[in-house]
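The structure file data_27.txt is reproduced below (compact mmCIF, C-alpha atoms).
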```txt
# COMPACT_ATOMS: atom_id res chain seq x y z
CA LEU A 1 -10.94 26.44 2.66
CA VAL A 2 -13.32 23.47 2.88
CA ASN A 3 -15.16 22.21 -0.22
CA ALA A 4 -12.90 24.09 -2.60
CA HIS A 5 -14.25 21.92 -5.42
CA LEU A 6 -17.87 23.16 -5.16
CA VAL A 7 -18.27 26.01 -7.62
CA ASP A 8 -21.87 26.69 -6.57
CA GLY A 9 -21.03 27.07 -2.86
CA ASP A 10 -22.45 30.08 -1.06
CA GLY A 11 -19.09 31.66 -0.34
CA SER A 12 -19.57 31.45 3.43
CA ALA A 13 -15.88 30.69 4.01
CA GLY A 14 -14.86 34.32 4.25
CA GLY A 15 -16.53 35.07 0.93
CA VAL A 16 -14.47 32.45 -0.89
CA ARG A 17 -16.18 30.23 -3.42
CA GLY A 18 -14.97 26.95 -4.83
CA CYS A 19 -13.27 26.50 -8.18
CA GLY A 20 -14.01 23.85 -10.79
CA GLU A 21 -10.31 23.21 -11.36
CA PHE A 22 -10.08 21.63 -7.90
CA LEU A 23 -12.84 19.17 -8.83
CA THR A 24 -11.00 18.39 -12.07
CA LEU A 25 -7.77 17.82 -10.11
CA ALA A 26 -9.41 15.58 -7.48
CA SER A 27 -11.23 13.61 -10.20
CA HIS A 28 -8.12 12.88 -12.27
CA PRO A 29 -8.31 9.18 -13.23
CA ALA A 30 -4.74 8.39 -12.16
CA LEU A 31 -5.34 9.90 -8.71
CA VAL A 32 -8.72 8.23 -8.25
CA ASP A 33 -7.19 4.89 -9.26
CA LEU A 34 -4.49 5.21 -6.58
CA VAL A 35 -7.11 6.06 -3.96
CA ALA A 36 -9.32 3.15 -5.04
CA GLN A 37 -6.36 0.78 -4.65
CA CYS A 38 -5.72 2.07 -1.13
CA LEU A 39 -9.39 1.68 -0.19
CA GLY A 40 -9.68 -1.73 -1.84
CA THR A 41 -12.67 -0.81 -4.00
CA GLU A 42 -13.37 0.50 -7.50
CA ASN A 43 -16.22 2.71 -6.33
CA VAL A 44 -15.10 5.80 -4.42
CA ILE A 45 -16.78 9.08 -3.56
CA LEU A 46 -14.94 12.37 -3.34
CA TRP A 47 -16.51 14.15 -0.38
CA ALA A 48 -14.10 16.95 0.48
CA VAL A 49 -11.41 19.08 -1.07
CA GLN A 50 -9.56 21.38 1.30
CA ILE A 51 -6.81 23.91 0.74
CA PHE A 52 -4.12 24.16 3.41
CA CYS A 53 -1.62 27.00 3.46
CA LYS A 54 1.16 27.83 5.90
CA LEU A 55 2.53 31.28 5.19
CA PRO A 56 6.28 31.95 5.45
CA GLY A 57 7.51 32.12 9.03
CA GLU A 58 4.13 31.69 10.65
CA GLY A 59 1.76 28.89 9.64
CA LYS A 60 0.60 27.13 12.82
CA SER A 61 1.50 23.58 13.78
CA VAL A 62 -1.00 20.76 13.53
CA PRO A 63 -0.55 18.43 16.52
CA PHE A 64 -0.59 14.69 15.90
CA HIS A 65 -4.12 13.36 15.47
CA GLN A 66 -6.30 10.95 13.49
CA ASP A 67 -8.56 12.57 10.87
CA GLY A 68 -11.21 9.89 11.26
CA LEU A 69 -12.25 11.22 14.67
CA TYR A 70 -13.44 14.39 12.93
CA TRP A 71 -15.42 12.67 10.17
CA PRO A 72 -18.93 11.13 10.48
CA ILE A 73 -18.33 8.27 8.05
CA GLU A 74 -20.04 4.92 8.73
CA PRO A 75 -18.25 2.55 8.66
CA LEU A 76 -15.12 4.68 8.96
CA ARG A 77 -13.01 4.14 5.86
CA ALA A 78 -11.43 7.08 4.07
CA CYS A 79 -8.28 8.09 2.24
CA SER A 80 -6.82 11.55 1.78
CA ALA A 81 -4.62 12.57 -1.14
CA TRP A 82 -2.32 15.45 -0.25
CA ILE A 83 -1.31 17.22 -3.48
CA ALA A 84 1.61 19.61 -3.02
CA LEU A 85 1.19 23.04 -4.63
CA ASP A 86 4.53 24.16 -3.19
CA ALA A 87 7.61 22.25 -2.15
CA SER A 88 6.80 20.66 1.20
CA ASP A 89 9.68 19.79 3.51
CA ARG A 90 10.69 19.64 7.16
CA GLU A 91 11.61 23.33 7.28
CA ASN A 92 8.25 24.64 6.03
CA GLY A 93 6.04 22.25 7.99
CA ALA A 94 5.59 19.15 5.83
CA LEU A 95 3.22 16.39 6.90
CA GLN A 96 4.69 13.84 9.31
CA VAL A 97 3.19 10.39 9.85
CA LEU A 98 3.68 7.60 12.38
CA PRO A 99 3.86 4.54 10.08
CA GLY A 100 1.53 1.65 10.84
CA THR A 101 -0.62 3.52 13.37
CA HIS A 102 -3.66 3.23 11.08
CA LEU A 103 -3.70 -0.50 11.84
CA SER A 104 -4.38 0.05 15.55
CA GLY A 105 -7.74 1.78 15.22
CA ALA A 106 -8.72 4.85 17.21
CA VAL A 107 -6.29 6.04 19.86
CA GLU A 108 -7.30 8.20 22.78
CA HIS A 109 -7.40 11.90 21.97
CA VAL A 110 -7.24 14.65 24.58
CA GLN A 111 -7.93 18.35 24.62
CA ARG A 112 -4.76 20.41 24.54
CA VAL A 113 -5.11 24.13 23.87
CA ASP A 114 -2.13 25.82 22.24
CA ASP A 115 -2.32 29.22 20.53
CA GLU A 116 0.38 28.09 18.10
CA ALA A 117 -1.65 25.03 16.97
CA CYS A 118 -4.56 24.69 14.55
CA ILE A 119 -6.46 22.04 16.51
CA SER A 120 -6.99 21.28 20.19
CA PHE A 121 -8.28 17.69 20.10
CA VAL A 122 -5.09 15.70 19.64
CA ALA A 123 -3.71 12.19 19.98
CA ASP A 124 -2.63 11.48 23.54
CA PRO A 125 0.95 12.82 23.74
CA GLY A 126 1.83 9.81 25.91
CA ARG A 127 1.01 7.59 22.94
CA VAL A 128 2.73 9.80 20.36
CA ALA A 129 6.02 10.54 22.15
CA PRO A 130 7.37 6.94 22.20
CA ALA A 131 6.63 6.60 18.47
CA MET A 132 8.30 9.87 17.41
CA PRO A 133 11.66 8.23 16.55
CA GLU A 134 9.74 6.35 13.83
CA ALA A 135 8.04 9.48 12.42
CA VAL A 136 8.44 9.99 8.68
CA THR A 137 8.38 13.44 7.09
CA LEU A 138 6.62 13.32 3.71
CA GLU A 139 8.72 15.71 1.65
CA LEU A 140 7.09 16.50 -1.68
CA ALA A 141 7.93 18.56 -4.75
CA PRO A 142 5.14 20.63 -6.30
CA GLY A 143 2.70 18.28 -8.05
CA GLN A 144 3.67 15.22 -6.04
CA VAL A 145 1.06 13.35 -4.01
CA SER A 146 1.01 11.42 -0.75
CA LEU A 147 -1.90 9.25 0.35
CA HIS A 148 -2.90 8.56 3.91
CA ASP A 149 -5.53 6.52 5.70
CA SER A 150 -8.07 8.33 7.89
CA MET A 151 -6.69 6.63 11.00
CA ILE A 152 -2.96 7.15 10.59
CA ILE A 153 -1.57 9.41 13.31
CA HIS A 154 -0.10 12.46 11.64
CA GLY A 155 0.67 16.13 12.16
CA SER A 156 3.00 18.90 11.08
CA GLU A 157 5.23 21.60 12.54
CA ARG A 158 4.79 25.32 11.96
CA ASN A 159 6.43 26.89 8.93
CA ARG A 160 9.88 28.08 10.05
CA SER A 161 11.03 28.93 6.53
CA GLN A 162 10.59 31.99 4.34
CA ARG A 163 8.65 29.87 1.83
CA ARG A 164 4.93 29.22 1.64
CA ARG A 165 3.72 25.64 2.06
CA ALA A 166 0.38 25.06 0.35
CA GLY A 167 -1.41 21.93 -0.74
CA VAL A 168 -4.75 20.46 -1.71
CA ALA A 169 -6.19 17.62 0.38
CA ALA A 170 -8.79 15.59 -1.51
CA THR A 171 -10.62 13.06 0.64
CA TYR A 172 -12.50 10.01 -0.58
CA MET A 173 -14.55 7.16 0.91
CA PRO A 174 -15.87 3.88 -0.52
CA ALA A 175 -19.29 4.23 -2.11
CA GLU A 176 -20.72 1.71 0.35
CA CYS A 177 -19.99 4.04 3.30
CA LEU A 178 -22.34 6.72 4.60
CA PHE A 179 -21.40 10.32 5.40
CA ASN A 180 -23.83 10.82 8.27
CA ARG A 181 -24.36 14.55 8.82
CA GLU A 182 -26.63 13.77 11.80
CA VAL A 183 -23.69 12.48 13.84
CA GLU A 184 -21.62 14.79 15.99
CA THR A 185 -18.09 13.45 15.80
CA GLU A 186 -15.85 12.96 18.80
CA GLY A 187 -13.57 15.67 17.38
CA ALA A 188 -16.42 18.19 17.28
CA ARG A 189 -17.67 17.26 20.77
CA LYS A 190 -14.31 17.49 22.50
CA GLY A 191 -13.03 20.81 21.27
CA GLY A 192 -11.58 20.11 17.87
CA ILE A 193 -12.63 21.78 14.67
CA LYS A 194 -16.22 21.33 13.57
CA LEU A 195 -16.10 21.35 9.80
CA ASP A 196 -19.18 22.18 7.77
CA TYR A 197 -19.41 19.89 4.74
CA THR A 198 -23.01 20.83 3.89
CA ARG A 199 -22.24 23.48 1.28
```

Rewrite the coordinates I just gave you, this time as structure tokens.
Amino acid sequence: LVNAHLVDGDGSAGGVRGCGEFLTLASHPALVDLVAQCLGTENVILWAVQIFCKLPGEGKSVPFHQDGLYWPIEPLRACSAWIALDASDRENGALQVLPGTHLSGAVEHVQRVDDEACISFVADPGRVAPAMPEAVTLELAPGQVSLHDSMIIHGSERNRSQRRRAGVAATYMPAECLFNREVETEGARKGGIKLDYTR
């Protein structure tokens, strides 16, 4: 569910409308302060709140990728706060990151179709494989938060447990950046998910 924080949305996401509580959550001063510190500015804009849910024993994998290649932000600076609604661990498909990869800028992404994956525009496996020994699984208890830069290479496995894994991803950018809806992102052009942030 994209734009879960917009109560007045048109319900086009399968008839689902946003909920004001998600805006309240994403606007919590303590959370916004952490994000502002990560972005190095006091002025941040919340531009998306998404709900992610992997059902027990099925939720698809998310191959390693960089979020920034899907977002038309100029200049590209953004931070996502992943807020765990359920316990998130290796068994139920917790987020994994390759530390430090956000410092290298954009890496080549390739199209790789897999029926068991959520996206098909993914970081070049040749780049990801050598770094996998350094991968960190971000295990969270309900209510805990992890923050990640728009350019860190990250992904997650499918849910192999009998427990749901759900979370809220609130994404912010510095106020001096532009969300340019006229730009077709590389992720949209090359077979990834085209997200509609207009509602």

Restrict the calculation to only C-alpha atoms, then for each residue of segment 57-158 of chain A with any atom at most 12 Å from an atom of segment 33-50 of chain A give the closest atom pair and their distance in Å to one decimal, rows by chain and rising residue number, as a tab-separated table.
```
residue	atom	partner	partner_atom	distance
A:Trp71	CA	A:Ala48	CA	10.7
A:Pro72	CA	A:Trp47	CA	11.5
A:Ile73	CA	A:Trp47	CA	10.4
A:Leu76	CA	A:Leu39	CA	11.2
A:Arg77	CA	A:Leu39	CA	7.5
A:Ala78	CA	A:Leu39	CA	7.2
A:Cys79	CA	A:Val35	CA	6.6
A:Ser80	CA	A:Val35	CA	7.9
A:Ala81	CA	A:Val35	CA	7.5
A:Trp82	CA	A:Gln50	CA	9.5
A:Ile83	CA	A:Gln50	CA	10.4
A:Val145	CA	A:Leu34	CA	10.2
A:Ser146	CA	A:Leu34	CA	10.1
A:Leu147	CA	A:Val35	CA	7.5
A:His148	CA	A:Cys38	CA	8.7
A:Asp149	CA	A:Cys38	CA	8.2
A:Ser150	CA	A:Leu39	CA	10.5
```

### Message
Residues near Val110 of chain A, anyone? I mean within 7 Å using only C-alpha atoms, not counting same-chain ones fewer than 5 positions away, as a VMD selection string.
### Response
chain A and resid 121 to 124

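The list of residues with at least one atom within 8 Å of Met151 of chain A, based on only C-alpha atoms and without residues fewer than 6 positions apart in the same chain, reads Gln66, Asp67, Gly68, Thr101, His102, Leu103, Gly105 and Ala106 of chain A.
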
Polymer residues at most 9 Å from segment 126-133 of chain A, all atoms listed in the file, same-chain spacing of 4 or more positions, as a short mmCIF file (atom, residue, chain, number, x, y, z; two decimals) with C-alpha atoms, in the frame of the given file:
```
data_model
loop_
_atom_site.label_atom_id
_atom_site.label_comp_id
_atom_site.auth_asym_id
_atom_site.auth_seq_id
_atom_site.Cartn_x
_atom_site.Cartn_y
_atom_site.Cartn_z
CA PHE A 64 -0.59 14.69 15.90
CA LEU A 98 3.68 7.60 12.38
CA VAL A 107 -6.29 6.04 19.86
CA GLU A 108 -7.30 8.20 22.78
CA ILE A 153 -1.57 9.41 13.31
#
```

### Task
Just the residues within 12 Å of segment 136-139 of chain A, please, counting only C-alpha atoms, with nothing from its chain fewer than 5 positions along; format it as a PyMOL selection string.
chain A and resi 82-84+86-100+131+144-148+152-157+165

### Task
May I ask which of the residues A:Cys19, A:Pro75, A:Leu140, A:Val62 is the closest one to Pro174 of chain A, counting only C-alpha atoms?
A:Pro75

### Message
Which residue is closest to Ala117 of chain A? Choose from A:Arg160, A:Leu6, A:Glu134, A:Ser61 and count only C-alpha atoms.
### Response
A:Ser61

### Nearest to Pro56 of chain A by atom-to-atom distance, counting only C-alpha atoms, from A:Gln162, A:Asn180, A:Ser104, A:Thr185
A:Gln162

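As for atom CA of Glu21 of chain A and atom CA of Glu58 of chain A, they are spaced 27.7 Å apart.
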
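Proximity ranking of A:Ala188, A:Pro142, A:Gly57, A:Met173 relative to Ser161 of chain A places A:Gly57 first, based on only C-alpha atoms.
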
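Atom CA of Cys53 of chain A is found 8.9 Å from atom CA of Val168 of chain A.
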
As AutoDock Vina command-line options, please: the centre and edge lengths in Å, to one decimal, of an axis-aligned box enclosing every listed atom of segment 137-155 of chain A with 3 Å added on each side.
```
--center_x 0.3 --center_y 13.6 --center_z 2.6 --size_x 22.8 --size_y 20.1 --size_z 27.4
```

#### Entry: Among listed residues A:Ile51, A:Ala30, A:Leu85, A:Val113, nearest Pro63 of chain A (using all atoms listed in the file)
A:Val113

### d(atom CA of Ser120 of chain A, atom CA of His65 of chain A) in Å
9.7 Å

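Counting all atoms listed in the file, the residue from A:Lys60, A:Glu74, A:His28, A:His5 that sits nearest to Glu116 of chain A is A:Lys60.
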